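Worksheet: one structure, shown below.
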Amino acid sequence: MPEKDVLIVGAGPTGLTLAIDLLRRGVACRLVEASERPSTGSRGKGLQPRTLEIFEDLGIIKPILAVGGLYPKMRIHLGPFSIRAGSLGSSKPATERTPYPNLWMVPQSCTETILRDRLHALGGRVDFNREIATVQQDQDGVDATFSDGETVRVDYLVGCDGGRSTVRKMLGIKLEGESIDEEPMIVADVEIDNLDRRDWHLWPFVKGGVIGLCPLPNTSLFQLTAKAKTVAADIEGVVRKATGYRINRIASKSTYQPAVRMVSRYRVGRVFLAGDTAHVHPPAGGQGLNTGVQDAYNLGWKLAHVLHGGPDSLLDTYESERLPIAAAVLGLSKRLHQTPSIKRGDATNQLGLHYRSSSLSLGNAIGGLQPGDRMPDITLEDGSRLFEHMRGPHATEIVTTEGQHILIRPDGYIAQISEKHFSEYAGQPTHTIEGVVPLQDRR
């Protein structure tokens, strides 16, 4: 018999999101991580508006907003002169439909800490220093063996173990794509005195490439980005010579090769791939971490439904819904990496991503929304927000004053628009809200 319902390999943002979502749905899962301790560093620091909506549903939006901040404006240094330019993010006011309209900067280690705290509150934990050695499956379950000889059997296994994924390699699936820069990049979190923290500083004419120093909110650190060959083995010396500022401390550093790569399948039997295991992005546009979180958010409710007795065919929609989105987002990331413009607009906020072509999306458009679209937030007659009613593992049904029924999936996308009532969806009770003014009639 399986020891747990689901084994999640990899405790980054994707794996943590999936574990939280499964636990709140009553699914027993084990989350393992090959590293000996939690990761440090800012790396994927940009949280998109759609991810912030997901984090509200998962119950962590307040600490996420508390530790983060808006993206600063750019300051380009040209010898003794500097020019202040725009920002990679916006500073739009919240609206009824979009409560989190702006890209929010949070160091990735802080995001992971908040996710782990939520996991602990739900009774879960991360097993560190657990390296997968083998994965085998049959029609009834998956057997995973760790490097120390421990073997576990589970109903399903999800590989969230990054671009160098052990799980993906064991399945024989390749990351197809290309490197989009000949030189590897370095990213480091550094402490620098007397550098203005109001701006993201760029020195574009350093020998070998650009040096960037971005202030990380609510810390004393800047995120340093540069081509690895530019700073070589002497980060402190090169930065001091190029910028005139002294690095007092290097808190963390890592290198990466900018690339756009993805898999051709997200599911092999009872094993699934998510996050960087399935798609690798360059940092331009802040899409990688956010796409991984949405992978987990899409898969979580489907796994729970099947484990609670639903049809296994629902799990096929994970690949059919998420693979095309990953491909589209990778194309966007590549274009942004190759253009000098800092303008992003709404292209990167992921609010417009949809599942309109999914077999789970039924019915006709209403008020500009179609089945498969993200359901926007709205203010109800009692002054409460729709998102407050949607928060939790259930599905939500809106009944308009004209008798139209809008069924919202557990992950916040419109499943069906019709004239019939839905008592439940995907094995979960449906929370019904009646008497909502149709969207097209709202003022």
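Simple scheme: letters A, B, ... for chains in structure tokens order, numbers from 1 for residues in each chain, numbers from 1 for ligands in the order shown.
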
Would you return as a PyMOL selection string the members of stretch 36-196 of chain A that DSSP assigns to strand (DSSP E) on this structure's backbone?
chain A and resi 46-47+69-70+73-78+81-87+104-105+126-127+132-138+141-146+151-159+176-179+185-192

For the contact check between stretch 154-234 of chain A and stretch 126-139 of chain A, emit one row per residue of stretch 154-234 of chain A within 12 Å, containing the shortest atom pair and the distance in Å rounded to one decimal, counting only C-alpha atoms, chain then rising number order, as a tab-separated table.
```
residue	atom	partner	partner_atom	distance
A:Val154	CA	A:Gln137	CA	9.4
A:Asp155	CA	A:Gln137	CA	9.3
A:Tyr156	CA	A:Gln137	CA	9.1
A:Leu157	CA	A:Val135	CA	9.0
A:Val158	CA	A:Val135	CA	11.1
A:Gly159	CA	A:Ile132	CA	10.4
A:Asp161	CA	A:Ile132	CA	10.1
A:Ser165	CA	A:Ile132	CA	10.1
A:Thr166	CA	A:Ile132	CA	7.2
A:Val167	CA	A:Val135	CA	7.4
A:Arg168	CA	A:Val135	CA	10.1
A:Lys169	CA	A:Val135	CA	10.3
A:Met170	CA	A:Val135	CA	6.8
A:Leu171	CA	A:Val135	CA	8.3
A:Gly172	CA	A:Val135	CA	11.4
```

Output for the residues just chosen: N, CA and C atoms as an mmCIF file, in the first residue's frame:
```
data_model
loop_
_atom_site.group_PDB
_atom_site.id
_atom_site.type_symbol
_atom_site.label_atom_id
_atom_site.label_comp_id
_atom_site.auth_asym_id
_atom_site.auth_seq_id
_atom_site.Cartn_x
_atom_site.Cartn_y
_atom_site.Cartn_z
ATOM 1 N N VAL A 154 4.209 5.460 -3.362
ATOM 2 C CA VAL A 154 3.186 6.498 -3.355
ATOM 3 C C VAL A 154 2.250 6.293 -4.540
ATOM 4 N N ASP A 155 1.122 6.975 -4.491
ATOM 5 C CA ASP A 155 0.192 6.914 -5.619
ATOM 6 C C ASP A 155 0.736 7.687 -6.824
ATOM 7 N N TYR A 156 1.298 8.891 -6.532
ATOM 8 C CA TYR A 156 1.818 9.735 -7.607
ATOM 9 C C TYR A 156 3.109 10.398 -7.146
ATOM 10 N N LEU A 157 3.961 10.727 -8.115
ATOM 11 C CA LEU A 157 5.204 11.451 -7.838
ATOM 12 C C LEU A 157 5.254 12.666 -8.758
ATOM 13 N N VAL A 158 5.682 13.804 -8.205
ATOM 14 C CA VAL A 158 5.799 15.035 -8.992
ATOM 15 C C VAL A 158 7.227 15.550 -8.886
ATOM 16 N N GLY A 159 7.899 15.677 -10.025
ATOM 17 C CA GLY A 159 9.253 16.212 -10.069
ATOM 18 C C GLY A 159 9.227 17.726 -10.174
ATOM 19 N N ASP A 161 12.182 19.398 -9.215
ATOM 20 C CA ASP A 161 13.577 19.493 -8.793
ATOM 21 C C ASP A 161 14.476 20.236 -9.769
ATOM 22 N N SER A 165 16.927 18.411 -13.201
ATOM 23 C CA SER A 165 16.052 17.429 -12.542
ATOM 24 C C SER A 165 16.510 15.975 -12.681
ATOM 25 N N THR A 166 16.643 15.333 -11.533
ATOM 26 C CA THR A 166 16.911 13.896 -11.504
ATOM 27 C C THR A 166 15.685 13.115 -11.959
ATOM 28 N N VAL A 167 14.508 13.558 -11.537
ATOM 29 C CA VAL A 167 13.271 12.853 -11.901
ATOM 30 C C VAL A 167 13.080 12.863 -13.409
ATOM 31 N N ARG A 168 13.262 14.002 -14.028
ATOM 32 C CA ARG A 168 13.082 14.106 -15.484
ATOM 33 C C ARG A 168 14.060 13.195 -16.222
ATOM 34 N N LYS A 169 15.292 13.166 -15.772
ATOM 35 C CA LYS A 169 16.291 12.319 -16.424
ATOM 36 C C LYS A 169 15.934 10.844 -16.280
ATOM 37 N N MET A 170 15.383 10.465 -15.127
ATOM 38 C CA MET A 170 14.986 9.073 -14.931
ATOM 39 C C MET A 170 13.844 8.667 -15.844
ATOM 40 N N LEU A 171 13.027 9.637 -16.238
ATOM 41 C CA LEU A 171 11.934 9.369 -17.174
ATOM 42 C C LEU A 171 12.419 9.345 -18.621
ATOM 43 N N GLY A 172 13.644 9.771 -18.854
ATOM 44 C CA GLY A 172 14.177 9.799 -20.210
ATOM 45 C C GLY A 172 13.649 10.954 -21.038
#
```

Nearest to A:His305, restricted to only C-alpha atoms and choosing among A:Ile60, A:Leu88, A:Ala94, A:Ala395, comes out as A:Ala395

Can you list, as a ChimeraX atom specification, all residues belonging to stretch 251-410 of chain A that DSSP tags as helix (DSSP H, G or I)?
/A:275-277,288-307,312-337,386-390

Restrict the selected residues to N, CA and C atoms and save them as a short mmCIF file (atom, residue, chain, number, x, y, z; two decimals), in the first residue's frame.
```cif
data_model
loop_
_atom_site.label_atom_id
_atom_site.label_comp_id
_atom_site.auth_asym_id
_atom_site.auth_seq_id
_atom_site.Cartn_x
_atom_site.Cartn_y
_atom_site.Cartn_z
N GLY A 275 7.29 23.20 -12.97
CA GLY A 275 8.28 24.23 -12.71
C GLY A 275 9.48 24.12 -13.63
N ASP A 276 10.67 24.48 -13.11
CA ASP A 276 11.89 24.46 -13.92
C ASP A 276 12.24 23.07 -14.41
N THR A 277 11.69 22.05 -13.80
CA THR A 277 11.88 20.69 -14.30
C THR A 277 11.31 20.55 -15.70
N GLY A 288 9.77 32.64 -14.93
CA GLY A 288 10.07 31.26 -14.55
C GLY A 288 9.41 30.81 -13.27
N LEU A 289 9.72 31.48 -12.15
CA LEU A 289 9.13 31.11 -10.85
C LEU A 289 7.61 31.16 -10.92
N ASN A 290 7.08 32.19 -11.54
CA ASN A 290 5.63 32.38 -11.59
C ASN A 290 4.93 31.29 -12.39
N THR A 291 5.54 30.88 -13.49
CA THR A 291 4.96 29.79 -14.29
C THR A 291 4.98 28.49 -13.52
N GLY A 292 6.05 28.25 -12.75
CA GLY A 292 6.12 27.06 -11.92
C GLY A 292 5.05 27.03 -10.84
N VAL A 293 4.83 28.15 -10.18
CA VAL A 293 3.77 28.23 -9.16
C VAL A 293 2.42 27.91 -9.78
N GLN A 294 2.19 28.41 -10.99
CA GLN A 294 0.90 28.14 -11.64
C GLN A 294 0.79 26.70 -12.12
N ASP A 295 1.90 26.07 -12.47
CA ASP A 295 1.88 24.63 -12.75
C ASP A 295 1.32 23.89 -11.53
N ALA A 296 1.90 24.19 -10.37
CA ALA A 296 1.50 23.51 -9.14
C ALA A 296 0.04 23.78 -8.80
N TYR A 297 -0.39 25.01 -9.01
CA TYR A 297 -1.76 25.42 -8.70
C TYR A 297 -2.77 24.72 -9.61
N ASN A 298 -2.36 24.46 -10.84
CA ASN A 298 -3.21 23.73 -11.78
C ASN A 298 -3.27 22.25 -11.43
N LEU A 299 -2.15 21.69 -11.02
CA LEU A 299 -2.08 20.25 -10.77
C LEU A 299 -2.68 19.86 -9.43
N GLY A 300 -2.57 20.71 -8.42
CA GLY A 300 -2.97 20.34 -7.07
C GLY A 300 -4.40 19.88 -6.94
N TRP A 301 -5.34 20.67 -7.44
CA TRP A 301 -6.75 20.32 -7.27
C TRP A 301 -7.13 19.09 -8.10
N LYS A 302 -6.42 18.89 -9.21
CA LYS A 302 -6.70 17.73 -10.05
C LYS A 302 -6.22 16.44 -9.39
N LEU A 303 -5.02 16.46 -8.83
CA LEU A 303 -4.54 15.30 -8.09
C LEU A 303 -5.48 14.97 -6.93
N ALA A 304 -5.91 16.01 -6.21
CA ALA A 304 -6.80 15.79 -5.07
C ALA A 304 -8.11 15.16 -5.52
N HIS A 305 -8.66 15.64 -6.62
CA HIS A 305 -9.93 15.11 -7.11
C HIS A 305 -9.81 13.63 -7.46
N VAL A 306 -8.73 13.27 -8.15
CA VAL A 306 -8.53 11.88 -8.54
C VAL A 306 -8.29 11.00 -7.32
N LEU A 307 -7.51 11.48 -6.37
CA LEU A 307 -7.24 10.70 -5.16
C LEU A 307 -8.47 10.55 -4.28
N ASP A 312 -9.29 9.38 -13.52
CA ASP A 312 -7.88 9.65 -13.79
C ASP A 312 -7.69 10.53 -15.02
N SER A 313 -8.64 10.53 -15.93
CA SER A 313 -8.52 11.31 -17.16
C SER A 313 -8.38 12.81 -16.87
N LEU A 314 -8.84 13.26 -15.70
CA LEU A 314 -8.69 14.68 -15.36
C LEU A 314 -7.22 15.08 -15.34
N LEU A 315 -6.35 14.15 -14.95
CA LEU A 315 -4.93 14.46 -14.87
C LEU A 315 -4.30 14.71 -16.23
N ASP A 316 -4.91 14.21 -17.29
CA ASP A 316 -4.39 14.50 -18.63
C ASP A 316 -4.52 15.98 -18.97
N THR A 317 -5.49 16.66 -18.36
CA THR A 317 -5.68 18.08 -18.67
C THR A 317 -4.57 18.94 -18.09
N TYR A 318 -3.80 18.41 -17.16
CA TYR A 318 -2.65 19.17 -16.64
C TYR A 318 -1.68 19.46 -17.78
N GLU A 319 -1.32 18.45 -18.52
CA GLU A 319 -0.41 18.66 -19.64
C GLU A 319 -1.05 19.48 -20.76
N SER A 320 -2.28 19.16 -21.10
CA SER A 320 -2.92 19.85 -22.23
C SER A 320 -3.16 21.33 -21.92
N GLU A 321 -3.31 21.69 -20.65
CA GLU A 321 -3.51 23.10 -20.29
C GLU A 321 -2.19 23.83 -20.08
N ARG A 322 -1.24 23.19 -19.41
CA ARG A 322 -0.03 23.91 -19.02
C ARG A 322 1.07 23.92 -20.08
N LEU A 323 1.18 22.88 -20.90
CA LEU A 323 2.25 22.83 -21.88
C LEU A 323 2.17 23.98 -22.90
N PRO A 324 0.99 24.28 -23.47
CA PRO A 324 0.94 25.41 -24.41
C PRO A 324 1.27 26.74 -23.74
N ILE A 325 0.90 26.90 -22.49
CA ILE A 325 1.21 28.14 -21.78
C ILE A 325 2.71 28.27 -21.58
N ALA A 326 3.36 27.18 -21.18
CA ALA A 326 4.81 27.23 -21.01
C ALA A 326 5.50 27.61 -22.31
N ALA A 327 5.02 27.05 -23.43
CA ALA A 327 5.62 27.37 -24.72
C ALA A 327 5.45 28.86 -25.06
N ALA A 328 4.26 29.39 -24.79
CA ALA A 328 4.00 30.81 -25.08
C ALA A 328 4.84 31.71 -24.18
N VAL A 329 4.93 31.36 -22.91
CA VAL A 329 5.69 32.17 -21.97
C VAL A 329 7.18 32.11 -22.29
N LEU A 330 7.67 30.95 -22.71
CA LEU A 330 9.08 30.84 -23.11
C LEU A 330 9.38 31.76 -24.30
N GLY A 331 8.48 31.80 -25.25
CA GLY A 331 8.67 32.69 -26.39
C GLY A 331 8.74 34.15 -25.97
N LEU A 332 7.87 34.53 -25.00
CA LEU A 332 7.89 35.89 -24.48
C LEU A 332 9.21 36.17 -23.76
N SER A 333 9.65 35.22 -22.92
CA SER A 333 10.90 35.41 -22.18
C SER A 333 12.08 35.60 -23.12
N LYS A 334 12.10 34.82 -24.21
CA LYS A 334 13.19 34.94 -25.17
C LYS A 334 13.20 36.32 -25.83
N ARG A 335 12.02 36.79 -26.23
CA ARG A 335 11.93 38.11 -26.87
C ARG A 335 12.39 39.21 -25.92
N LEU A 336 11.98 39.12 -24.66
CA LEU A 336 12.36 40.14 -23.69
C LEU A 336 13.86 40.11 -23.41
N HIS A 337 14.44 38.93 -23.41
CA HIS A 337 15.88 38.81 -23.17
C HIS A 337 16.67 39.44 -24.31
N LEU A 386 -15.22 39.02 -4.08
CA LEU A 386 -15.40 37.67 -4.60
C LEU A 386 -14.22 36.78 -4.22
N PHE A 387 -13.00 37.33 -4.29
CA PHE A 387 -11.82 36.54 -3.96
C PHE A 387 -11.87 36.01 -2.53
N GLU A 388 -12.51 36.74 -1.63
CA GLU A 388 -12.65 36.26 -0.26
C GLU A 388 -13.51 35.01 -0.22
N HIS A 389 -14.53 34.96 -1.03
CA HIS A 389 -15.42 33.79 -1.08
C HIS A 389 -14.76 32.63 -1.83
N MET A 390 -13.88 32.94 -2.75
CA MET A 390 -13.20 31.89 -3.51
C MET A 390 -12.04 31.27 -2.73
#
```

Nearest residue to A:Gly59 out of A:Gly392, A:Pro282, A:Pro99, A:Pro107, using only C-alpha atoms?
A:Gly392

Interface rows for stretch 230-282 of chain A against stretch 32-51 of chain A: nearest pair, Å to one decimal, 9 Å, only C-alpha atoms, as a Markdown table:
```
| residue | atom | partner | partner_atom | distance |
| --- | --- | --- | --- | --- |
| A:Ala251 | CA | A:Gly41 | CA | 7.5 |
| A:Ser252 | CA | A:Gly41 | CA | 5.6 |
| A:Lys253 | CA | A:Gly41 | CA | 7.2 |
| A:Ser254 | CA | A:Gly41 | CA | 8.7 |
```

Need to verify the contact set: A:Gly124, 12 Å, only C-alpha atoms, exclusion of same-chain residues closer than 3 positions in sequence. Can you return it as a list in words?
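Neighbouring residues, sequence-local ones excluded: Ile8, Ala11, Leu16, Thr17, Leu18, Ala19, Ile20, Asp21, Leu22, Leu23, Arg24, Gly26, Val27, Ala28, Cys29, Arg30, Leu31, Val32, Leu115, Arg116, Asp117, Arg118, Leu119, His120, Ala121 and Asp127 of chain A.
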
Just write the chosen residues, C-alpha atoms, as a PDB file, in the first residue's frame.
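Ended up saving to part_21.pdb:
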```
ATOM      1  CA  ILE A   8       6.989  15.829  -4.295  1.00  0.00           C
ATOM      2  CA  ALA A  11      11.176  22.141  -2.286  1.00  0.00           C
ATOM      3  CA  LEU A  16       6.105  24.148  -1.788  1.00  0.00           C
ATOM      4  CA  THR A  17       3.015  25.523  -3.545  1.00  0.00           C
ATOM      5  CA  LEU A  18       1.935  22.030  -4.574  1.00  0.00           C
ATOM      6  CA  ALA A  19       2.443  20.609  -1.083  1.00  0.00           C
ATOM      7  CA  ILE A  20       0.403  23.421   0.486  1.00  0.00           C
ATOM      8  CA  ASP A  21      -2.412  22.985  -2.006  1.00  0.00           C
ATOM      9  CA  LEU A  22      -2.550  19.212  -1.499  1.00  0.00           C
ATOM     10  CA  LEU A  23      -2.481  19.407   2.298  1.00  0.00           C
ATOM     11  CA  ARG A  24      -5.361  21.867   2.448  1.00  0.00           C
ATOM     12  CA  GLY A  26      -6.757  16.556   2.635  1.00  0.00           C
ATOM     13  CA  VAL A  27      -4.127  14.812   0.514  1.00  0.00           C
ATOM     14  CA  ALA A  28      -1.189  13.224   2.355  1.00  0.00           C
ATOM     15  CA  CYS A  29       2.073  14.199   0.709  1.00  0.00           C
ATOM     16  CA  ARG A  30       5.791  14.123   1.385  1.00  0.00           C
ATOM     17  CA  LEU A  31       8.039  16.946   0.204  1.00  0.00           C
ATOM     18  CA  VAL A  32      11.745  16.120  -0.170  1.00  0.00           C
ATOM     19  CA  LEU A 115       5.696  29.168   1.842  1.00  0.00           C
ATOM     20  CA  ARG A 116       7.479  26.836   4.285  1.00  0.00           C
ATOM     21  CA  ASP A 117       5.836  28.579   7.238  1.00  0.00           C
ATOM     22  CA  ARG A 118       2.432  28.017   5.627  1.00  0.00           C
ATOM     23  CA  LEU A 119       3.338  24.383   4.965  1.00  0.00           C
ATOM     24  CA  HIS A 120       4.260  23.919   8.640  1.00  0.00           C
ATOM     25  CA  ALA A 121       0.971  25.516   9.725  1.00  0.00           C
ATOM     26  CA  ASP A 127      12.685  16.611   4.333  1.00  0.00           C
TER      27      ASP A 127
END
```

Atom CA of A:His431 and atom CA of A:Arg385, how far apart in Å?
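Result for atom CA of A:Arg385 versus atom CA of A:His431: 13.9 Å, one decimal.
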
For A:Ser87, please output as a list in words all residues within 6 Å (counting only C-alpha atoms; exclusion window: fewer than 4 positions along the same chain).
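Answer for this query is Pro72, Lys73 and Met74 of chain A.
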
Could you jot down the atom CA of A:Arg265 to atom CA of A:Pro311 separation for me, Å, one decimal place?
20.2 Å

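Of the listed residues A:Val436, A:Leu70, A:Val187, A:Leu224, the one whose atoms come nearest to A:Gly383 is A:Val436, with distances taken using only C-alpha atoms.
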
Distance criterion (only C-alpha atoms): nearest to A:Arg391 out of A:Asp373, A:Asp5, A:Glu53, A:Glu191
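Looking only at the distances to A:Arg391, the closest residue turns out to be A:Glu53.
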
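For the set A:Ala242, A:Leu380, A:Leu122, A:Ile180, the residue with the smallest atom-to-atom gap to A:Thr230 is A:Ala242, counting only C-alpha atoms.
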
Find the residue from A:Leu273, A:Met185, A:Met105, A:Val263 that sits nearest to A:Thr225; use only C-alpha atoms when measuring.
A:Met185

If I take atom CA of A:Val106 and atom CA of A:Ile211, how far is one from the other in Å, to one decimal?
20.7 Å
